[in-house]
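What follows is coords34.cif (mmCIF, C-alpha atoms).
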data_query
loop_
_atom_site.label_atom_id
_atom_site.label_comp_id
_atom_site.auth_asym_id
_atom_site.auth_seq_id
_atom_site.Cartn_x
_atom_site.Cartn_y
_atom_site.Cartn_z
CA MET A 1 -115.81 125.31 121.95
CA SER A 2 -113.66 122.76 120.22
CA ASN A 3 -113.31 122.97 116.48
CA ILE A 4 -112.89 119.23 116.13
CA ILE A 5 -115.86 116.89 116.44
CA LYS A 6 -115.33 113.19 116.91
CA ILE A 7 -117.75 110.78 115.27
CA THR A 8 -117.66 107.14 114.21
CA ILE A 9 -118.78 105.78 110.84
CA ASP A 10 -119.32 102.01 110.91
CA GLY A 11 -117.12 101.95 114.02
CA ARG A 12 -114.28 103.83 112.32
CA GLU A 13 -113.16 106.88 114.28
CA CYS A 14 -113.42 110.06 112.24
CA THR A 15 -112.88 113.73 112.87
CA ALA A 16 -115.20 116.41 111.55
CA ARG A 17 -115.64 120.15 111.65
CA PRO A 18 -118.73 121.86 113.08
CA GLY A 19 -121.24 122.57 110.31
CA GLN A 20 -120.10 119.70 108.14
CA THR A 21 -122.69 117.20 106.96
CA VAL A 22 -122.18 113.50 107.67
CA LEU A 23 -121.48 112.92 103.97
CA GLU A 24 -118.83 115.67 103.84
CA ALA A 25 -117.16 114.44 107.03
CA ALA A 26 -117.13 110.88 105.68
CA ALA A 27 -115.49 112.00 102.44
CA ALA A 28 -112.89 114.02 104.35
CA ASN A 29 -112.03 110.82 106.24
CA GLY A 30 -111.75 108.71 103.09
CA ILE A 31 -115.16 107.05 103.44
CA TYR A 32 -117.51 107.10 100.46
CA ILE A 33 -121.20 107.29 101.20
CA PRO A 34 -122.97 106.73 97.86
CA SER A 35 -125.01 109.77 96.81
CA LEU A 36 -126.79 110.83 93.66
CA CYS A 37 -128.70 114.12 93.78
CA ARG A 38 -125.93 115.90 95.66
CA PHE A 39 -123.43 117.94 93.67
CA GLU A 40 -120.28 119.42 95.16
CA GLY A 41 -120.76 123.15 95.64
CA LEU A 42 -124.55 123.16 95.39
CA LYS A 43 -126.94 123.31 98.33
CA PRO A 44 -128.02 119.67 98.80
CA ALA A 45 -131.68 118.99 98.06
CA GLY A 46 -131.77 115.66 99.91
CA SER A 47 -134.22 114.46 97.28
CA CYS A 48 -132.92 111.04 96.20
CA ARG A 49 -132.16 109.42 99.60
CA VAL A 50 -129.39 107.27 98.14
CA CYS A 51 -127.03 108.63 100.82
CA THR A 52 -129.28 107.49 103.67
CA VAL A 53 -127.40 106.45 106.81
CA ARG A 54 -128.60 105.42 110.26
CA VAL A 55 -127.86 107.56 113.30
CA GLY A 56 -129.21 106.51 116.68
CA GLY A 57 -131.56 104.06 114.95
CA ARG A 58 -133.06 106.76 112.71
CA TYR A 59 -132.66 107.11 108.97
CA GLN A 60 -131.12 110.37 107.78
CA ALA A 61 -130.00 111.74 104.43
CA SER A 62 -126.28 112.14 105.11
CA CYS A 63 -125.97 114.97 102.54
CA THR A 64 -128.13 117.25 104.71
CA PHE A 65 -127.59 115.85 108.22
CA PRO A 66 -125.04 117.80 110.29
CA VAL A 67 -122.40 116.08 112.41
CA SER A 68 -122.46 116.33 116.19
CA GLU A 69 -120.04 115.21 118.91
CA GLY A 70 -119.97 111.48 119.61
CA MET A 71 -122.36 110.61 116.78
CA ALA A 72 -122.29 106.94 115.71
CA VAL A 73 -123.16 106.59 112.03
CA GLU A 74 -124.06 103.34 110.29
CA SER A 75 -123.51 103.39 106.54
CA ALA A 76 -121.97 100.34 104.87
CA VAL A 77 -124.26 97.81 106.53
CA PRO A 78 -126.16 95.19 104.51
CA ASP A 79 -129.69 96.56 105.00
CA LEU A 80 -128.73 100.14 104.12
CA GLU A 81 -126.72 98.98 101.13
CA ASP A 82 -129.68 96.97 99.90
CA MET A 83 -131.98 99.96 100.41
CA ARG A 84 -129.65 102.17 98.34
CA LYS A 85 -129.62 99.57 95.61
CA ALA A 86 -133.43 99.43 95.76
CA ILE A 87 -133.63 103.21 95.28
CA VAL A 88 -131.39 103.00 92.22
CA GLU A 89 -133.47 100.13 90.86
CA MET A 90 -136.62 102.18 91.43
CA LEU A 91 -135.14 105.07 89.45
CA PHE A 92 -134.34 102.68 86.60
CA VAL A 93 -137.91 101.37 86.33
CA GLU A 94 -139.52 104.79 86.80
CA GLY A 95 -137.91 106.20 83.67
CA ASN A 96 -136.94 104.80 80.30
CA HIS A 97 -133.22 104.28 80.78
CA MET A 98 -132.06 102.83 77.47
CA CYS A 99 -128.36 102.82 78.32
CA PRO A 100 -127.17 101.48 74.94
CA THR A 101 -128.60 104.56 73.17
CA CYS A 102 -127.66 107.15 75.77
CA GLU A 103 -125.04 109.85 75.22
CA LYS A 104 -124.23 109.83 78.94
CA SER A 105 -123.60 106.08 79.19
CA GLY A 106 -120.25 105.49 80.88
CA ASN A 107 -120.36 108.96 82.45
CA CYS A 108 -123.79 108.57 84.05
CA GLU A 109 -123.92 108.62 87.84
CA LEU A 110 -127.13 106.59 88.06
CA GLN A 111 -125.58 103.89 85.87
CA ALA A 112 -122.32 104.12 87.83
CA LEU A 113 -124.18 103.48 91.10
CA ALA A 114 -125.93 100.50 89.51
CA TYR A 115 -122.52 99.16 88.45
CA ARG A 116 -121.10 99.76 91.91
CA PHE A 117 -124.07 97.99 93.52
CA ARG A 118 -123.85 95.17 90.90
CA MET A 119 -127.43 95.68 89.75
CA LEU A 120 -128.26 92.89 87.31
CA VAL A 121 -132.00 93.49 87.05
CA PRO A 122 -134.31 95.79 89.03
CA ARG A 123 -136.50 93.99 91.56
CA PHE A 124 -139.45 96.19 90.50
CA PRO A 125 -141.50 95.93 87.29
CA TYR A 126 -140.58 98.37 84.51
CA LEU A 127 -143.18 101.10 84.19
CA PHE A 128 -142.31 102.31 80.66
CA PRO A 129 -143.82 105.75 81.30
CA LYS A 130 -144.68 107.88 78.31
CA LYS A 131 -142.17 110.73 78.23
CA ALA A 132 -140.85 112.93 75.46
CA VAL A 133 -137.66 114.49 74.23
CA GLU A 134 -138.25 118.23 74.57
CA PRO A 135 -136.46 121.04 72.80
CA ALA A 136 -134.68 123.40 75.20
CA GLY A 137 -133.62 126.25 72.96
CA SER A 138 -130.79 126.35 70.48
CA LYS A 139 -128.12 124.64 72.59
CA LEU A 140 -129.84 122.06 74.78
CA LEU A 141 -132.23 119.11 74.71
CA MET A 142 -134.30 117.74 77.59
CA GLU A 143 -134.57 113.94 77.34
CA GLN A 144 -137.41 113.54 79.83
CA ASN A 145 -137.25 109.73 79.64
CA ARG A 146 -134.05 109.92 81.70
CA CYS A 147 -134.80 112.64 84.27
CA ILE A 148 -134.51 111.47 87.90
CA LYS A 149 -135.66 114.80 89.42
CA CYS A 150 -132.47 115.36 91.38
CA LEU A 151 -133.02 119.14 91.03
CA ARG A 152 -129.33 119.87 90.39
CA CYS A 153 -130.27 121.87 87.29
CA ALA A 154 -132.95 123.83 89.15
CA THR A 155 -130.51 124.71 91.92
CA GLY A 156 -127.32 125.19 89.98
CA ILE A 157 -128.01 126.65 86.54
CA ARG A 158 -128.80 130.36 86.44
CA THR A 159 -128.48 133.16 83.94
CA LYS A 160 -126.10 136.08 84.41
CA ASP A 161 -128.91 138.07 86.06
CA ASN A 162 -129.60 135.14 88.43
CA LYS A 163 -132.75 133.83 86.76
CA LYS A 164 -133.42 130.10 87.09
CA VAL A 165 -133.30 128.29 83.74
CA PHE A 166 -134.77 125.02 85.03
CA GLY A 167 -137.46 124.44 87.62
CA PRO A 168 -139.72 121.68 88.92
CA LEU A 169 -143.29 121.49 87.68
CA HIS A 170 -146.17 119.55 89.32
CA ARG A 171 -145.76 117.10 92.19
CA SER A 172 -145.23 113.42 93.00
CA VAL A 173 -145.38 111.09 89.96
CA GLU A 174 -146.44 114.03 87.78
CA LYS A 175 -143.33 115.96 88.70
CA LYS A 176 -141.05 117.01 85.85
CA LEU A 177 -138.28 119.49 85.22
CA PHE A 178 -139.33 122.44 83.13
CA VAL A 179 -136.86 124.44 81.07
CA ASP A 180 -137.25 127.99 79.80
CA PRO A 181 -136.06 127.63 76.18
CA ALA A 182 -135.33 131.37 75.76
CA LEU A 183 -133.18 131.51 78.89
CA ALA A 184 -131.49 128.23 77.95
CA SER A 185 -130.63 129.59 74.49
CA ALA A 186 -129.10 132.67 76.08
CA LEU A 187 -126.77 130.60 78.31
CA PRO A 188 -123.14 131.07 77.33
CA GLU A 189 -121.45 127.94 75.96
CA ARG A 190 -119.62 127.26 79.22
CA TRP A 191 -122.88 127.22 81.15
CA ALA A 192 -124.67 125.09 78.57
CA ARG A 193 -121.91 122.50 79.04
CA LYS A 194 -122.21 122.91 82.79
CA ALA A 195 -125.93 122.17 82.57
CA MET A 196 -125.14 118.92 80.75
CA ASP A 197 -122.27 117.96 83.05
CA ARG A 198 -124.19 118.66 86.23
CA CYS A 199 -127.08 116.45 85.10
CA PRO A 200 -126.20 113.08 86.68
CA VAL A 201 -128.02 111.22 83.89
CA GLY A 202 -128.52 111.88 80.17
CA CYS A 203 -131.50 114.20 80.52
CA ILE A 204 -129.92 117.61 79.82
CA LEU A 205 -127.84 117.30 76.68
CA ARG A 206 -125.73 119.83 74.84
CA LYS A 207 -126.62 119.32 71.18
CA GLU A 208 -124.03 117.93 68.76
CA VAL A 209 -121.43 116.82 71.33
CA GLY A 210 -122.67 113.34 72.30
CA PHE A 211 -120.54 110.17 72.20
CA ALA A 212 -117.31 112.20 72.01
CA VAL A 213 -115.39 110.02 74.50
CA PRO A 214 -114.75 106.47 73.27
CA VAL A 215 -115.79 103.39 75.27
CA GLY A 216 -112.99 102.48 77.65
CA ARG A 217 -112.03 106.10 78.39
CA ARG A 218 -115.27 107.22 79.99
CA LYS A 219 -115.50 108.23 83.63
CA TYR A 220 -116.80 104.97 85.09
CA ASP A 221 -115.42 102.44 82.59
CA LYS A 222 -112.52 101.29 84.76
CA ALA A 223 -113.09 102.44 88.34
CA PRO A 224 -116.32 102.54 90.34
CA ILE A 225 -117.96 105.78 91.37
CA GLY A 226 -116.59 106.89 94.74
CA SER A 227 -113.20 105.26 94.29
CA ASP A 228 -111.59 108.72 94.23
CA ILE A 229 -112.86 109.25 97.79
CA GLU A 230 -112.34 105.83 99.35
CA LYS A 231 -109.24 105.11 101.33
CA PRO A 232 -108.62 101.59 102.62
CA ARG A 233 -109.12 101.03 106.34
CA SER A 234 -105.82 101.51 108.14
CA MET B 235 -121.20 61.35 82.82
CA SER B 236 -122.90 63.11 79.93
CA LYS B 237 -122.05 66.71 79.24
CA PRO B 238 -124.32 69.55 80.41
CA VAL B 239 -126.62 70.68 77.60
CA ILE B 240 -126.98 74.30 76.47
CA ALA B 241 -129.67 75.83 74.26
CA THR B 242 -129.86 79.41 72.99
CA ALA B 243 -132.43 81.61 71.29
CA SER B 244 -132.69 85.13 69.94
CA LEU B 245 -136.16 86.60 70.46
CA ALA B 246 -136.62 90.36 69.89
CA GLY B 247 -132.87 90.87 69.70
CA CYS B 248 -130.26 91.67 67.08
CA PHE B 249 -128.07 88.56 67.46
CA GLY B 250 -125.41 90.76 69.02
CA CYS B 251 -125.48 88.68 72.22
CA HIS B 252 -124.94 85.52 70.16
CA MET B 253 -122.01 87.28 68.52
CA SER B 254 -120.69 87.99 72.01
CA ILE B 255 -120.96 84.27 72.86
CA LEU B 256 -118.79 83.57 69.82
CA ASP B 257 -116.48 86.37 70.96
CA ILE B 258 -115.05 84.06 73.67
CA ASP B 259 -112.48 83.34 70.94
CA GLU B 260 -110.36 80.21 71.42
CA ARG B 261 -112.23 79.40 74.63
CA ILE B 262 -114.96 78.12 72.30
CA LEU B 263 -112.84 74.95 71.91
CA GLN B 264 -112.97 74.49 75.68
CA LEU B 265 -116.71 75.18 75.62
CA VAL B 266 -117.28 72.43 73.05
CA GLU B 267 -115.33 70.09 75.35
CA LEU B 268 -117.36 71.14 78.38
CA VAL B 269 -120.91 71.23 77.02
CA GLU B 270 -123.18 69.97 74.32
CA PHE B 271 -125.38 72.36 72.33
CA ASN B 272 -129.02 71.54 71.65
CA LYS B 273 -131.62 73.86 70.11
CA SER B 274 -129.68 76.94 69.03
CA PRO B 275 -129.00 79.10 65.98
CA ILE B 276 -125.32 78.24 66.51
CA ASP B 277 -125.77 74.59 65.47
CA ASP B 278 -129.10 75.15 63.66
CA ILE B 279 -130.97 72.54 65.72
CA LYS B 280 -134.57 73.74 65.41
CA THR B 281 -136.37 71.74 68.12
CA PHE B 282 -135.47 70.45 71.56
CA THR B 283 -134.31 66.83 71.30
CA LYS B 284 -133.44 66.32 74.98
CA PRO B 285 -133.77 68.08 78.36
CA VAL B 286 -131.53 71.12 78.55
CA ASP B 287 -129.51 72.32 81.56
CA ILE B 288 -128.88 75.95 80.62
CA GLY B 289 -131.01 78.08 78.29
CA LEU B 290 -129.56 81.43 77.17
CA ILE B 291 -132.18 83.88 75.92
CA GLU B 292 -131.26 86.95 73.92
CA GLY B 293 -133.96 89.56 73.27
CA GLY B 294 -137.30 90.27 74.91
CA CYS B 295 -140.80 89.45 73.73
CA CYS B 296 -142.32 91.66 71.03
CA ASN B 297 -144.65 89.15 69.36
CA SER B 298 -146.58 85.91 69.94
CA GLU B 299 -143.81 83.76 68.47
CA ASN B 300 -141.30 85.16 71.00
CA VAL B 301 -143.68 84.27 73.83
CA GLU B 302 -144.23 80.74 72.51
CA ASN B 303 -140.50 80.23 72.05
CA LEU B 304 -139.69 81.59 75.51
CA ARG B 305 -142.31 79.35 77.16
CA SER B 306 -140.91 76.32 75.37
CA PHE B 307 -137.43 77.25 76.63
CA ARG B 308 -138.74 77.56 80.18
CA ALA B 309 -140.41 74.16 79.88
CA ASN B 310 -137.28 72.49 78.51
CA CYS B 311 -134.46 74.21 80.44
CA LYS B 312 -133.51 73.69 84.07
CA ILE B 313 -131.83 77.09 84.26
CA LEU B 314 -132.95 80.04 82.15
CA ILE B 315 -130.73 83.11 81.72
CA SER B 316 -131.76 86.46 80.27
CA VAL B 317 -128.75 87.61 78.27
CA GLY B 318 -128.43 91.29 77.39
CA GLU B 319 -130.43 94.49 77.82
CA CYS B 320 -133.31 93.45 75.50
CA ALA B 321 -133.91 90.21 77.40
CA ILE B 322 -133.70 92.04 80.74
CA MET B 323 -135.65 95.22 80.04
CA GLY B 324 -136.87 95.11 76.45
CA GLY B 325 -133.93 97.15 75.19
CA LEU B 326 -134.12 99.16 72.00
CA PRO B 327 -137.29 97.41 70.75
CA ALA B 328 -138.97 98.65 73.96
CA MET B 329 -138.51 102.22 72.76
CA ARG B 330 -141.89 101.66 71.11
CA ASN B 331 -143.51 101.02 74.50
CA GLY B 332 -145.80 103.93 75.17
CA ILE B 333 -146.54 104.50 71.48
CA PRO B 334 -149.90 103.00 70.44
CA ILE B 335 -149.40 99.90 68.26
CA ARG B 336 -151.49 101.34 65.40
CA GLU B 337 -149.28 104.42 65.29
CA CYS B 338 -146.14 102.22 65.18
CA LEU B 339 -147.41 100.06 62.33
CA GLU B 340 -148.75 103.01 60.33
CA GLU B 341 -145.39 104.73 60.69
CA ALA B 342 -143.58 101.60 59.51
CA TYR B 343 -145.85 100.66 56.63
CA PHE B 344 -147.59 103.88 55.52
CA HIS B 345 -145.52 106.94 56.41
CA THR B 346 -141.90 105.90 56.27
CA PRO B 347 -139.93 107.87 53.62
CA THR B 348 -139.15 104.75 51.56
CA ILE B 349 -142.85 104.11 50.83
CA ASP B 350 -143.88 105.15 47.34
CA PRO B 351 -147.12 107.15 47.72
CA ALA B 352 -148.34 105.63 44.45
CA ASP B 353 -148.20 102.09 45.91
CA PRO B 354 -151.24 100.57 47.56
CA ARG B 355 -151.16 100.84 51.34
CA ILE B 356 -150.69 97.37 52.77
CA MET B 357 -150.45 96.50 56.44
CA PRO B 358 -149.30 92.85 56.75
CA HIS B 359 -151.95 90.84 58.62
CA ASP B 360 -151.54 87.26 57.35
CA GLU B 361 -152.45 84.63 59.91
CA GLU B 362 -149.06 82.98 59.25
CA LEU B 363 -147.38 86.02 60.79
CA PRO B 364 -146.84 86.22 64.56
CA VAL B 365 -149.12 88.73 66.25
CA ILE B 366 -147.26 91.80 67.47
CA LEU B 367 -147.75 92.49 71.20
CA ASP B 368 -149.11 95.71 72.70
CA ARG B 369 -145.61 96.45 74.00
CA VAL B 370 -142.24 94.75 74.34
CA TYR B 371 -141.96 92.65 77.51
CA PRO B 372 -138.84 91.77 79.50
CA ASN B 373 -138.62 87.96 79.63
CA HIS B 374 -139.07 87.73 83.39
CA GLU B 375 -142.51 89.32 82.99
CA ILE B 376 -143.56 86.32 80.85
CA VAL B 377 -141.81 83.35 82.56
CA PRO B 378 -139.64 83.01 85.68
CA VAL B 379 -135.99 83.70 84.84
CA ASP B 380 -133.12 82.40 87.00
CA TYR B 381 -130.18 84.68 86.14
CA TYR B 382 -129.44 87.92 84.32
CA LEU B 383 -126.38 88.96 82.35
CA PRO B 384 -126.64 92.66 81.47
CA GLY B 385 -124.86 94.42 78.64
CA CYS B 386 -125.42 95.45 75.06
CA PRO B 387 -124.04 92.96 74.44
CA PRO B 388 -122.76 91.37 77.67
CA SER B 389 -119.01 90.96 77.25
CA ALA B 390 -117.66 87.59 76.18
CA ASP B 391 -115.84 87.50 79.52
CA LEU B 392 -119.06 87.88 81.48
CA ILE B 393 -120.82 85.16 79.46
CA TRP B 394 -117.81 82.85 79.80
CA LYS B 395 -117.37 83.46 83.54
CA ALA B 396 -121.10 82.95 84.15
CA LEU B 397 -121.13 79.67 82.24
CA VAL B 398 -117.99 78.40 83.96
CA ALA B 399 -119.38 79.39 87.38
CA LEU B 400 -122.61 77.51 86.65
CA LEU B 401 -120.81 74.44 85.32
CA GLU B 402 -118.46 74.35 88.31
CA GLY B 403 -121.22 75.18 90.78
CA LYS B 404 -119.28 78.15 92.15
CA PRO B 405 -120.47 81.72 92.79
CA LEU B 406 -119.84 84.19 89.96
CA ASP B 407 -117.12 86.72 90.77
CA LEU B 408 -118.54 89.98 89.48
CA SER B 409 -115.45 92.15 89.52
CA TYR B 410 -115.88 95.79 88.45
CA GLY B 411 -116.15 96.28 84.71
CA LEU B 412 -117.92 92.99 84.00
CA ILE B 413 -121.33 94.59 84.39
CA LYS B 414 -122.06 97.13 81.68
CA PHE B 415 -125.43 98.25 80.39
CA ASP B 416 -124.05 99.38 77.02
#
Could you rewrite the structure in this file as structure tokens?
Amino acid sequence: MSNIIKITIDGRECTARPGQTVLEAAAANGIYIPSLCRFEGLKPAGSCRVCTVRVGGRYQASCTFPVSEGMAVESAVPDLEDMRKAIVEMLFVEGNHMCPTCEKSGNCELQALAYRFRMLVPRFPYLFPKKAVEPAGSKLLMEQNRCIKCLRCATGIRTKDNKKVFGPLHRSVEKKLFVDPALASALPERWARKAMDRCPVGCILRKEVGFAVPVGRRKYDKAPIGSDIEKPRS
Amino acid sequence: MSKPVIATASLAGCFGCHMSILDIDERILQLVELVEFNKSPIDDIKTFTKPVDIGLIEGGCCNSENVENLRSFRANCKILISVGECAIMGGLPAMRNGIPIRECLEEAYFHTPTIDPADPRIMPHDEELPVILDRVYPNHEIVPVDYYLPGCPPSADLIWKALVALLEGKPLDLSYGLIKFD
């Protein structure tokens, strides 16, 4: 069996390894497929669907969909790009995303996708749901107004004895991320920071460190999200 | 040919977006050459005196006066633009959305730390005062809005480029960095 799989993404010939997902193979070939809930090194949850591509006429989350020989992937096509933008817009209206007051502004992946997609106003009506800022032990805060339920914290933040610190509660529109304040307090500093950094938005916050990086030097101030992956078409 | 006419208003905003308009620096001389200002806090014209081509609205709607003002802008302006986060999504004033209005007013007038407990408790309710709305509304939920310029405030460059694009009838080049929500 060959160890090289050939696929095309938007007609561009790419090589992939068996077991790779479409998103991983795309990145390895210098093609950025926008994604949000996925975090490098964590098992993808496939929950946000921002990375949706079309394979054989069917819609697939590219962060979970494995490559196979001869696969033809559609990604940067107008209808898929508009659908991705619609998902981001939906996330904006489903929470209370007050960017001007947010510690994560400029480093926020949701905001960065909106910038990349040139979102001027969501096409959906704002819901203004009633959410709260919840204490999460001595080191962290949970700003529930901003949570997009990507589940990165539930998957990726554990105590030394492998206990989950965060976990989903309820389902559908009632769904929220629950934090165990005692376990969160016991997280070493490095992991408390990790919890904040892994959160794509400004929901999990390490107390007393916000707004440390000045405007102009934040992650997405100058270059769009994904520009570290993209290589121009040769 | 007469110059295109611009009007501006600040509804539930902080005047930061107007400051950003002024932040176009020396280009303001060009702007004065290109357009004529009508109703606006910049020239202090209080009522519309002629039909307006472009209306720039800062701030969303938090009270009845905002709604009245916005509707009069829609009626008098060919093109209406929501300028800034508050106009587009309610912004910081919308942080009260979800809190019952009674709770908000009691917090502001009865429980805030600067209230002397010895003073009589007074909640302003004069009929001269605009009525506060149940929540803060983005402008496009009250009247149709044609364009949106996000930012808190939108950068002077974005405002300038948008105005020039409109005046020249060309599409707006939204290069990366022009759109910011903060």
May I ask for the distance between CA of Ala154 (chain A) and CA of Leu187 (chain A), given in Å to one decimal place?
14.2 Å
What residues in chain A lie within 8 Å of chain B, counting all atoms listed in the file, written as a PyMOL selection string?
chain A and resi 98-101+105+111+115-116+118+120-121+125-126+128-130+221-224
So, with only C-alpha atoms as the atoms that count, which of A:Pro188, A:Val88, A:Ser75, A:Asn145 lies closest to Gly11 (chain A)?
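Selected residue with least distance to Gly11 (chain A): A:Ser75.
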Taking the file above as input, evaluate the PyMOL selection byres ((chain B and resi 261) around 12) and report the hits as a PyMOL selection string.
chain B and resi 255-260+262-268+390-391+393-395+397-398
Of B:Asn297, B:Ser254, B:Thr346, B:Asn272, the one sitting nearest Asn310 (chain B) when using all atoms listed in the file is B:Asn272
Residues within 10 Å of Leu113 (chain A), only C-alpha atoms, excluding chain neighbours under 5 positions, as a list in words
Pro34, Ser35, Leu36, Val50, Arg84, Lys85, Val88, Glu89, Cys108, Arg118, Met119, Tyr220, Pro224, Ile225 and Gly226 of chain A
Might you spell out which residues the PyMOL selection byres ((chain B and resi 354-357) around 10) would select in the displayed file, as a PyMOL selection string?
chain B and resi 339-340+342-345+349-353+358-360
C-alpha atoms of the current selection, written as an mmCIF file, in the frame of the given file:
data_model
loop_
_atom_site.group_PDB
_atom_site.id
_atom_site.type_symbol
_atom_site.label_atom_id
_atom_site.label_comp_id
_atom_site.auth_asym_id
_atom_site.auth_seq_id
_atom_site.Cartn_x
_atom_site.Cartn_y
_atom_site.Cartn_z
ATOM 1 C CA LEU B 339 -147.410 100.060 62.330
ATOM 2 C CA GLU B 340 -148.750 103.010 60.330
ATOM 3 C CA ALA B 342 -143.580 101.600 59.510
ATOM 4 C CA TYR B 343 -145.850 100.660 56.630
ATOM 5 C CA PHE B 344 -147.590 103.880 55.520
ATOM 6 C CA HIS B 345 -145.520 106.940 56.410
ATOM 7 C CA ILE B 349 -142.850 104.110 50.830
ATOM 8 C CA ASP B 350 -143.880 105.150 47.340
ATOM 9 C CA PRO B 351 -147.120 107.150 47.720
ATOM 10 C CA ALA B 352 -148.340 105.630 44.450
ATOM 11 C CA ASP B 353 -148.200 102.090 45.910
ATOM 12 C CA PRO B 358 -149.300 92.850 56.750
ATOM 13 C CA HIS B 359 -151.950 90.840 58.620
ATOM 14 C CA ASP B 360 -151.540 87.260 57.350
#
Best match for closeness to Cys311 (chain B) among B:Gly250, B:Pro378, B:Pro388, B:Pro334, counting only C-alpha atoms:
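Closest candidate: B:Pro378.
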Give as a count of residues only the residues that the PyMOL selection byres ((chain B and resi 300) around 12) matches when applied to the coordinates above.
33
Need the neighbours of (-136.2, 127.7, 89.9): which residues are at most 12 Å away, counting all atoms listed in the file, as a ChimeraX atom specification?
/A:151-159,162-169,177-180
In Å, rounded to a single decimal, give me how far CA of Gly318 (chain B) is from CA of Cys248 (chain B).
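Taking CA of Cys248 (chain B) and CA of Gly318 (chain B), their separation equals 10.5 Å.
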Rounded to one decimal in Å, what is the spacing between CA of Lys284 (chain B) and CA of Ala241 (chain B)?
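Those two atoms sit 10.3 Å apart.
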